[in-house]
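Engineer: Input structure: data.json, which contains JSON, N, CA and C atoms.
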```
[["chain", "number", "residue", "atom", "x", "y", "z"],
["A", 1, "MET", "N", -53.42, 203.28, -23.10],
["A", 1, "MET", "CA", -53.09, 204.67, -23.25],
["A", 1, "MET", "C", -52.44, 204.91, -24.61],
["A", 2, "MET", "N", -51.60, 203.97, -25.00],
["A", 2, "MET", "CA", -50.94, 204.10, -26.30],
["A", 2, "MET", "C", -51.96, 204.06, -27.43],
["A", 3, "ALA", "N", -53.00, 203.23, -27.27],
["A", 3, "ALA", "CA", -54.02, 203.14, -28.31],
["A", 3, "ALA", "C", -54.78, 204.46, -28.45],
["A", 4, "LEU", "N", -55.03, 205.14, -27.33],
["A", 4, "LEU", "CA", -55.71, 206.43, -27.40],
["A", 4, "LEU", "C", -54.83, 207.48, -28.07],
["A", 5, "MET", "N", -53.53, 207.42, -27.82],
["A", 5, "MET", "CA", -52.61, 208.35, -28.48],
["A", 5, "MET", "C", -52.61, 208.11, -29.98],
["A", 6, "LEU", "N", -52.60, 206.85, -30.38],
["A", 6, "LEU", "CA", -52.66, 206.53, -31.81],
["A", 6, "LEU", "C", -53.97, 207.00, -32.42],
["A", 7, "LEU", "N", -55.05, 206.87, -31.66],
["A", 7, "LEU", "CA", -56.36, 207.28, -32.15],
["A", 7, "LEU", "C", -56.39, 208.78, -32.44],
["A", 8, "VAL", "N", -55.63, 209.56, -31.70],
["A", 8, "VAL", "CA", -55.58, 211.00, -31.91],
["A", 8, "VAL", "C", -54.60, 211.37, -33.02],
["A", 9, "PHE", "N", -53.41, 210.78, -33.01],
["A", 9, "PHE", "CA", -52.37, 211.23, -33.93],
["A", 9, "PHE", "C", -52.43, 210.57, -35.31],
["A", 10, "LEU", "N", -52.91, 209.35, -35.39],
["A", 10, "LEU", "CA", -52.95, 208.65, -36.66],
["A", 10, "LEU", "C", -53.85, 209.32, -37.70],
["A", 11, "PRO", "N", -55.09, 209.73, -37.34],
["A", 11, "PRO", "CA", -55.90, 210.40, -38.36],
["A", 11, "PRO", "C", -55.30, 211.71, -38.86],
["A", 12, "SER", "N", -54.69, 212.48, -37.97],
["A", 12, "SER", "CA", -54.08, 213.73, -38.43],
["A", 12, "SER", "C", -52.87, 213.46, -39.31],
["A", 13, "TRP", "N", -52.13, 212.41, -39.02],
["A", 13, "TRP", "CA", -50.98, 212.07, -39.85],
["A", 13, "TRP", "C", -51.44, 211.59, -41.23],
["A", 14, "LEU", "N", -52.52, 210.81, -41.27],
["A", 14, "LEU", "CA", -53.04, 210.32, -42.55],
["A", 14, "LEU", "C", -53.63, 211.45, -43.39],
["A", 15, "GLN", "N", -54.11, 212.51, -42.76],
["A", 15, "GLN", "CA", -54.69, 213.64, -43.48],
["A", 15, "GLN", "C", -53.64, 214.67, -43.85],
["A", 16, "GLY", "N", -52.38, 214.36, -43.66],
["A", 16, "GLY", "CA", -51.32, 215.30, -44.01],
["A", 16, "GLY", "C", -51.08, 216.37, -42.96],
["A", 17, "GLY", "N", -51.43, 216.08, -41.72],
["A", 17, "GLY", "CA", -51.20, 217.01, -40.63],
["A", 17, "GLY", "C", -52.31, 218.04, -40.43],
["A", 18, "VAL", "N", -53.34, 218.00, -41.24],
["A", 18, "VAL", "CA", -54.45, 218.94, -41.12],
["A", 18, "VAL", "C", -55.48, 218.36, -40.15],
["A", 19, "VAL", "N", -55.74, 219.08, -39.07],
["A", 19, "VAL", "CA", -56.71, 218.64, -38.09],
["A", 19, "VAL", "C", -57.96, 219.50, -38.25],
["A", 20, "THR", "N", -59.07, 218.87, -38.56],
["A", 20, "THR", "CA", -60.32, 219.59, -38.74],
["A", 20, "THR", "C", -61.25, 219.33, -37.56],
["A", 21, "TYR", "N", -62.28, 220.15, -37.44],
["A", 21, "TYR", "CA", -63.27, 219.97, -36.37],
["A", 21, "TYR", "C", -63.97, 218.62, -36.51],
["A", 22, "ALA", "N", -64.30, 218.25, -37.73],
["A", 22, "ALA", "CA", -65.00, 216.98, -37.95],
["A", 22, "ALA", "C", -64.14, 215.80, -37.50],
["A", 23, "MET", "N", -62.84, 215.88, -37.73],
["A", 23, "MET", "CA", -61.94, 214.81, -37.33],
["A", 23, "MET", "C", -61.85, 214.73, -35.80],
["A", 24, "MET", "N", -61.72, 215.87, -35.15],
["A", 24, "MET", "CA", -61.62, 215.87, -33.69],
["A", 24, "MET", "C", -62.95, 215.42, -33.06],
["A", 25, "ARG", "N", -64.06, 215.81, -33.67],
["A", 25, "ARG", "CA", -65.37, 215.38, -33.17],
["A", 25, "ARG", "C", -65.49, 213.87, -33.23],
["A", 26, "ARG", "N", -65.07, 213.30, -34.36],
["A", 26, "ARG", "CA", -65.12, 211.84, -34.51],
["A", 26, "ARG", "C", -64.20, 211.15, -33.50],
["A", 27, "ILE", "N", -63.02, 211.71, -33.29],
["A", 27, "ILE", "CA", -62.08, 211.12, -32.33],
["A", 27, "ILE", "C", -62.68, 211.14, -30.93],
["A", 28, "TRP", "N", -63.27, 212.27, -30.52],
["A", 28, "TRP", "CA", -63.89, 212.35, -29.20],
["A", 28, "TRP", "C", -64.99, 211.30, -29.04],
["A", 29, "LEU", "N", -65.82, 211.15, -30.06],
["A", 29, "LEU", "CA", -66.92, 210.20, -29.97],
["A", 29, "LEU", "C", -66.41, 208.76, -29.96],
["A", 30, "GLU", "N", -65.34, 208.48, -30.70],
["A", 30, "GLU", "CA", -64.76, 207.14, -30.67],
["A", 30, "GLU", "C", -64.14, 206.84, -29.31],
["A", 31, "ILE", "N", -63.51, 207.84, -28.70],
["A", 31, "ILE", "CA", -62.96, 207.65, -27.36],
["A", 31, "ILE", "C", -64.08, 207.34, -26.37],
["A", 32, "MET", "N", -65.22, 208.03, -26.52],
["A", 32, "MET", "CA", -66.35, 207.77, -25.63],
["A", 32, "MET", "C", -66.90, 206.36, -25.81],
["A", 33, "ILE", "N", -66.86, 205.84, -27.04],
["A", 33, "ILE", "CA", -67.28, 204.46, -27.27],
["A", 33, "ILE", "C", -66.34, 203.49, -26.55],
["A", 34, "VAL", "N", -65.04, 203.76, -26.62],
["A", 34, "VAL", "CA", -64.06, 202.92, -25.93],
["A", 34, "VAL", "C", -64.29, 202.97, -24.42],
["A", 35, "ILE", "N", -64.59, 204.15, -23.89],
["A", 35, "ILE", "CA", -64.87, 204.28, -22.47],
["A", 35, "ILE", "C", -66.11, 203.46, -22.10],
["A", 36, "GLY", "N", -67.13, 203.50, -22.95],
["A", 36, "GLY", "CA", -68.33, 202.70, -22.70],
["A", 36, "GLY", "C", -68.01, 201.21, -22.69],
["A", 37, "ILE", "N", -67.15, 200.77, -23.60],
["A", 37, "ILE", "CA", -66.77, 199.36, -23.65],
["A", 37, "ILE", "C", -66.01, 198.97, -22.39],
["A", 38, "HIS", "N", -65.15, 199.85, -21.91],
["A", 38, "HIS", "CA", -64.34, 199.48, -20.75],
["A", 38, "HIS", "C", -65.17, 199.41, -19.47],
["A", 39, "PHE", "N", -66.34, 200.02, -19.45],
["A", 39, "PHE", "CA", -67.22, 199.88, -18.28],
["A", 39, "PHE", "C", -67.71, 198.44, -18.13],
["A", 40, "PHE", "N", -67.80, 197.69, -19.21],
["A", 40, "PHE", "CA", -68.27, 196.31, -19.12],
["A", 40, "PHE", "C", -67.31, 195.43, -18.33],
["A", 41, "PHE", "N", -66.04, 195.79, -18.30],
["A", 41, "PHE", "CA", -65.06, 195.00, -17.54],
["A", 41, "PHE", "C", -65.22, 195.20, -16.04],
["A", 42, "PHE", "N", -65.95, 196.22, -15.62],
["A", 42, "PHE", "CA", -66.17, 196.48, -14.20],
["A", 42, "PHE", "C", -67.40, 195.77, -13.64],
["A", 43, "ILE", "N", -68.16, 195.09, -14.48],
["A", 43, "ILE", "CA", -69.40, 194.44, -14.01],
["A", 43, "ILE", "C", -69.15, 193.45, -12.88],
["A", 44, "PRO", "N", -68.12, 192.58, -12.94],
["A", 44, "PRO", "CA", -67.93, 191.63, -11.84],
["A", 44, "PRO", "C", -67.62, 192.30, -10.50],
["A", 45, "VAL", "N", -67.01, 193.46, -10.54],
["A", 45, "VAL", "CA", -66.61, 194.13, -9.31],
["A", 45, "VAL", "C", -67.69, 195.08, -8.79],
["A", 46, "HIS", "N", -68.26, 195.89, -9.70],
["A", 46, "HIS", "CA", -69.18, 196.95, -9.29],
["A", 46, "HIS", "C", -70.66, 196.63, -9.55],
["A", 47, "GLY", "N", -70.95, 195.54, -10.22],
["A", 47, "GLY", "CA", -72.33, 195.15, -10.43],
["A", 47, "GLY", "C", -72.88, 195.54, -11.80],
["A", 48, "LYS", "N", -74.14, 195.16, -12.01],
["A", 48, "LYS", "CA", -74.75, 195.34, -13.32],
["A", 48, "LYS", "C", -74.99, 196.80, -13.68],
["A", 49, "LEU", "N", -74.93, 197.69, -12.70],
["A", 49, "LEU", "CA", -75.10, 199.11, -12.98],
["A", 49, "LEU", "C", -74.01, 199.62, -13.94],
["A", 50, "MET", "N", -72.82, 199.06, -13.83],
["A", 50, "MET", "CA", -71.74, 199.46, -14.74],
["A", 50, "MET", "C", -72.03, 198.99, -16.16],
["A", 51, "GLY", "N", -72.68, 197.85, -16.31],
["A", 51, "GLY", "CA", -73.06, 197.39, -17.64],
["A", 51, "GLY", "C", -74.10, 198.29, -18.27],
["A", 52, "ILE", "N", -75.05, 198.73, -17.46],
["A", 52, "ILE", "CA", -76.07, 199.66, -17.97],
["A", 52, "ILE", "C", -75.42, 200.98, -18.36],
["A", 53, "LEU", "N", -74.52, 201.47, -17.50],
["A", 53, "LEU", "CA", -73.83, 202.72, -17.80],
["A", 53, "LEU", "C", -72.99, 202.60, -19.08],
["A", 54, "GLY", "N", -72.31, 201.47, -19.24],
["A", 54, "GLY", "CA", -71.52, 201.25, -20.45],
["A", 54, "GLY", "C", -72.38, 201.22, -21.70],
["A", 55, "GLY", "N", -73.50, 200.53, -21.63],
["A", 55, "GLY", "CA", -74.40, 200.46, -22.78],
["A", 55, "GLY", "C", -74.97, 201.83, -23.14],
["A", 56, "LEU", "N", -75.38, 202.59, -22.13],
["A", 56, "LEU", "CA", -75.93, 203.93, -22.40],
["A", 56, "LEU", "C", -74.86, 204.88, -22.95],
["A", 57, "THR", "N", -73.63, 204.74, -22.47],
["A", 57, "THR", "CA", -72.54, 205.58, -22.99],
["A", 57, "THR", "C", -72.26, 205.27, -24.45],
["A", 58, "ILE", "N", -72.26, 203.99, -24.79],
["A", 58, "ILE", "CA", -72.03, 203.59, -26.19],
["A", 58, "ILE", "C", -73.17, 204.08, -27.07],
["A", 59, "ILE", "N", -74.42, 203.91, -26.61],
["A", 59, "ILE", "CA", -75.56, 204.37, -27.40],
["A", 59, "ILE", "C", -75.50, 205.87, -27.62],
["A", 60, "ASN", "N", -75.17, 206.63, -26.58],
["A", 60, "ASN", "CA", -75.06, 208.08, -26.69],
["A", 60, "ASN", "C", -74.01, 208.47, -27.73],
["A", 61, "SER", "N", -72.86, 207.83, -27.68],
["A", 61, "SER", "CA", -71.78, 208.15, -28.62],
["A", 61, "SER", "C", -72.16, 207.76, -30.05],
["A", 62, "LEU", "N", -72.77, 206.60, -30.21],
["A", 62, "LEU", "CA", -73.17, 206.18, -31.55],
["A", 62, "LEU", "C", -74.24, 207.10, -32.14],
["A", 63, "LEU", "N", -75.19, 207.53, -31.31],
["A", 63, "LEU", "CA", -76.19, 208.48, -31.79],
["A", 63, "LEU", "C", -75.54, 209.80, -32.19],
["A", 64, "GLY", "N", -74.54, 210.22, -31.42],
["A", 64, "GLY", "CA", -73.81, 211.43, -31.77],
["A", 64, "GLY", "C", -73.10, 211.30, -33.11],
["A", 65, "LEU", "N", -72.53, 210.12, -33.36],
["A", 65, "LEU", "CA", -71.85, 209.88, -34.64],
["A", 65, "LEU", "C", -72.83, 209.79, -35.80],
["A", 66, "LEU", "N", -73.88, 209.02, -35.61],
["A", 66, "LEU", "CA", -74.79, 208.75, -36.71],
["A", 66, "LEU", "C", -75.74, 209.90, -37.02],
["A", 67, "LEU", "N", -76.18, 210.60, -35.99],
["A", 67, "LEU", "CA", -77.15, 211.68, -36.20],
["A", 67, "LEU", "C", -76.51, 213.06, -36.30],
["A", 68, "GLY", "N", -75.21, 213.13, -36.09],
["A", 68, "GLY", "CA", -74.51, 214.40, -36.23],
["A", 68, "GLY", "C", -74.78, 215.38, -35.11],
["A", 69, "TRP", "N", -75.08, 214.86, -33.90],
["A", 69, "TRP", "CA", -75.31, 215.75, -32.77],
["A", 69, "TRP", "C", -74.06, 216.56, -32.47],
["A", 70, "PRO", "N", -74.20, 217.80, -32.00],
["A", 70, "PRO", "CA", -73.02, 218.58, -31.60],
["A", 70, "PRO", "C", -72.37, 217.95, -30.37],
["A", 71, "LEU", "N", -71.06, 218.14, -30.25],
["A", 71, "LEU", "CA", -70.33, 217.54, -29.13],
["A", 71, "LEU", "C", -70.87, 218.02, -27.79],
["A", 72, "ASP", "N", -71.26, 219.28, -27.72],
["A", 72, "ASP", "CA", -71.77, 219.81, -26.45],
["A", 72, "ASP", "C", -72.97, 219.00, -25.96],
["A", 73, "LEU", "N", -73.87, 218.68, -26.85],
["A", 73, "LEU", "CA", -75.05, 217.89, -26.49],
["A", 73, "LEU", "C", -74.65, 216.50, -26.02],
["A", 74, "VAL", "N", -73.73, 215.87, -26.73],
["A", 74, "VAL", "CA", -73.28, 214.52, -26.36],
["A", 74, "VAL", "C", -72.60, 214.55, -24.99],
["A", 75, "PHE", "N", -71.80, 215.58, -24.73],
["A", 75, "PHE", "CA", -71.12, 215.69, -23.44],
["A", 75, "PHE", "C", -72.10, 215.92, -22.30],
["A", 76, "VAL", "N", -73.12, 216.74, -22.53],
["A", 76, "VAL", "CA", -74.12, 217.00, -21.49],
["A", 76, "VAL", "C", -74.89, 215.72, -21.18],
["A", 77, "ILE", "N", -75.30, 215.00, -22.21],
["A", 77, "ILE", "CA", -76.01, 213.73, -21.99],
["A", 77, "ILE", "C", -75.12, 212.74, -21.25],
["A", 78, "ASP", "N", -73.84, 212.67, -21.62],
["A", 78, "ASP", "CA", -72.90, 211.78, -20.96],
["A", 78, "ASP", "C", -72.76, 212.13, -19.49],
["A", 79, "GLY", "N", -72.67, 213.40, -19.19],
["A", 79, "GLY", "CA", -72.58, 213.82, -17.80],
["A", 79, "GLY", "C", -73.82, 213.49, -17.01],
["A", 80, "LEU", "N", -74.99, 213.69, -17.62],
["A", 80, "LEU", "CA", -76.24, 213.38, -16.94],
["A", 80, "LEU", "C", -76.40, 211.87, -16.72],
["A", 81, "LEU", "N", -75.86, 211.07, -17.61],
["A", 81, "LEU", "CA", -75.91, 209.62, -17.42],
["A", 81, "LEU", "C", -75.08, 209.18, -16.21],
["A", 82, "LYS", "N", -74.00, 209.88, -15.96],
["A", 82, "LYS", "CA", -73.08, 209.48, -14.89],
["A", 82, "LYS", "C", -73.46, 210.05, -13.54],
["A", 83, "LEU", "N", -74.28, 211.09, -13.48],
["A", 83, "LEU", "CA", -74.67, 211.66, -12.20],
["A", 83, "LEU", "C", -75.48, 210.71, -11.33],
["A", 84, "PRO", "N", -76.51, 210.03, -11.85],
["A", 84, "PRO", "CA", -77.26, 209.10, -10.99],
["A", 84, "PRO", "C", -76.38, 207.96, -10.48],
["A", 85, "ASP", "N", -75.41, 207.51, -11.28],
["A", 85, "ASP", "CA", -74.52, 206.44, -10.87],
["A", 85, "ASP", "C", -73.70, 206.89, -9.67],
["A", 86, "LEU", "N", -73.21, 208.11, -9.69],
["A", 86, "LEU", "CA", -72.43, 208.63, -8.59],
["A", 86, "LEU", "C", -73.28, 208.73, -7.33],
["A", 87, "LYS", "N", -74.51, 209.17, -7.48],
["A", 87, "LYS", "CA", -75.43, 209.30, -6.34],
["A", 87, "LYS", "C", -75.70, 207.92, -5.72],
["A", 88, "LEU", "N", -75.91, 206.91, -6.55],
["A", 88, "LEU", "CA", -76.18, 205.57, -6.02],
["A", 88, "LEU", "C", -74.97, 205.00, -5.29],
["A", 89, "LYS", "N", -73.77, 205.25, -5.80],
["A", 89, "LYS", "CA", -72.57, 204.73, -5.15],
["A", 89, "LYS", "C", -72.31, 205.41, -3.82],
["A", 90, "CYS", "N", -72.64, 206.70, -3.71],
["A", 90, "CYS", "CA", -72.40, 207.42, -2.47],
["A", 90, "CYS", "C", -73.38, 206.99, -1.38],
["A", 91, "ASN", "N", -74.57, 206.54, -1.74],
["A", 91, "ASN", "CA", -75.57, 206.16, -0.75],
["A", 91, "ASN", "C", -75.38, 204.75, -0.21],
["A", 92, "THR", "N", -74.56, 203.95, -0.86],
["A", 92, "THR", "CA", -74.41, 202.57, -0.40],
["A", 92, "THR", "C", -73.27, 202.42, 0.57]]
```
So, in terms of structure tokens, how does the structure I just supplied come out?

Structural biologist:
Amino acid sequence: MMALMLLVFLPSWLQGGVVTYAMMRRIWLEIMIVIGIHFFFFIPVHGKLMGILGGLTIINSLLGLLLGWPLDLVFVIDGLLKLPDLKLKCNT
């Protein structure tokens, strides 16, 4: 949790306290990459589906960073990636 707080406050402090949309967009996408990485730690407990979800989350975030996708599009894709996972868990 402390690392996520630093991820938000450190860039604004380094920029002299000016928070821009581009900075916040990058922070959101970096947080999503971290979330994708943390899904890999759930593989032993929840199965390989969490590894697939983690990989797809990371790919989505990286494409958003590299291709300049709007945050809304990245968030919608992220939500759609997680809906089938929820459906599969509820049926088992």

Engineer: Do you have the atom C of Ile35 of chain A-atom C of Leu56 of chain A distance handy?

Structural biologist: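 Separating atom C of Ile35 of chain A from atom C of Leu56 of chain A is a distance of 8.9 Å.
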
Engineer: Given the point (-73.9, 195.2, -17.6) in the file's coordinates, find the residues that have an atom at most 6 Å from it, counting only C-alpha atoms, and give them as a PyMOL selection string.

Structural biologist: chain A and resi 40+43+48+50-52

Engineer: Tell me which of A:Ile77, A:Leu67, A:Ile27, A:Ala22 sits closest to Leu6 of chain A, counting only C-alpha atoms.

Structural biologist: A:Ile27

Engineer: Please report, as lines of an AutoDock Vina configuration file, the centre and edge lengths in Å to one decimal of an axis-aligned box covering all listed atoms of segment 20-39 of chain A with 8 Å per side.

Structural biologist:
```
center_x = -63.7
center_y = 209.3
center_z = -28.4
size_x = 25.3
size_y = 37.7
size_z = 36.6
```

Engineer: Using only N, CA and C atoms, which of the listed residues (A:Val19, A:Leu83, A:Ile37, A:Met5) sits closest to Gly54 of chain A?

Structural biologist: A:Ile37
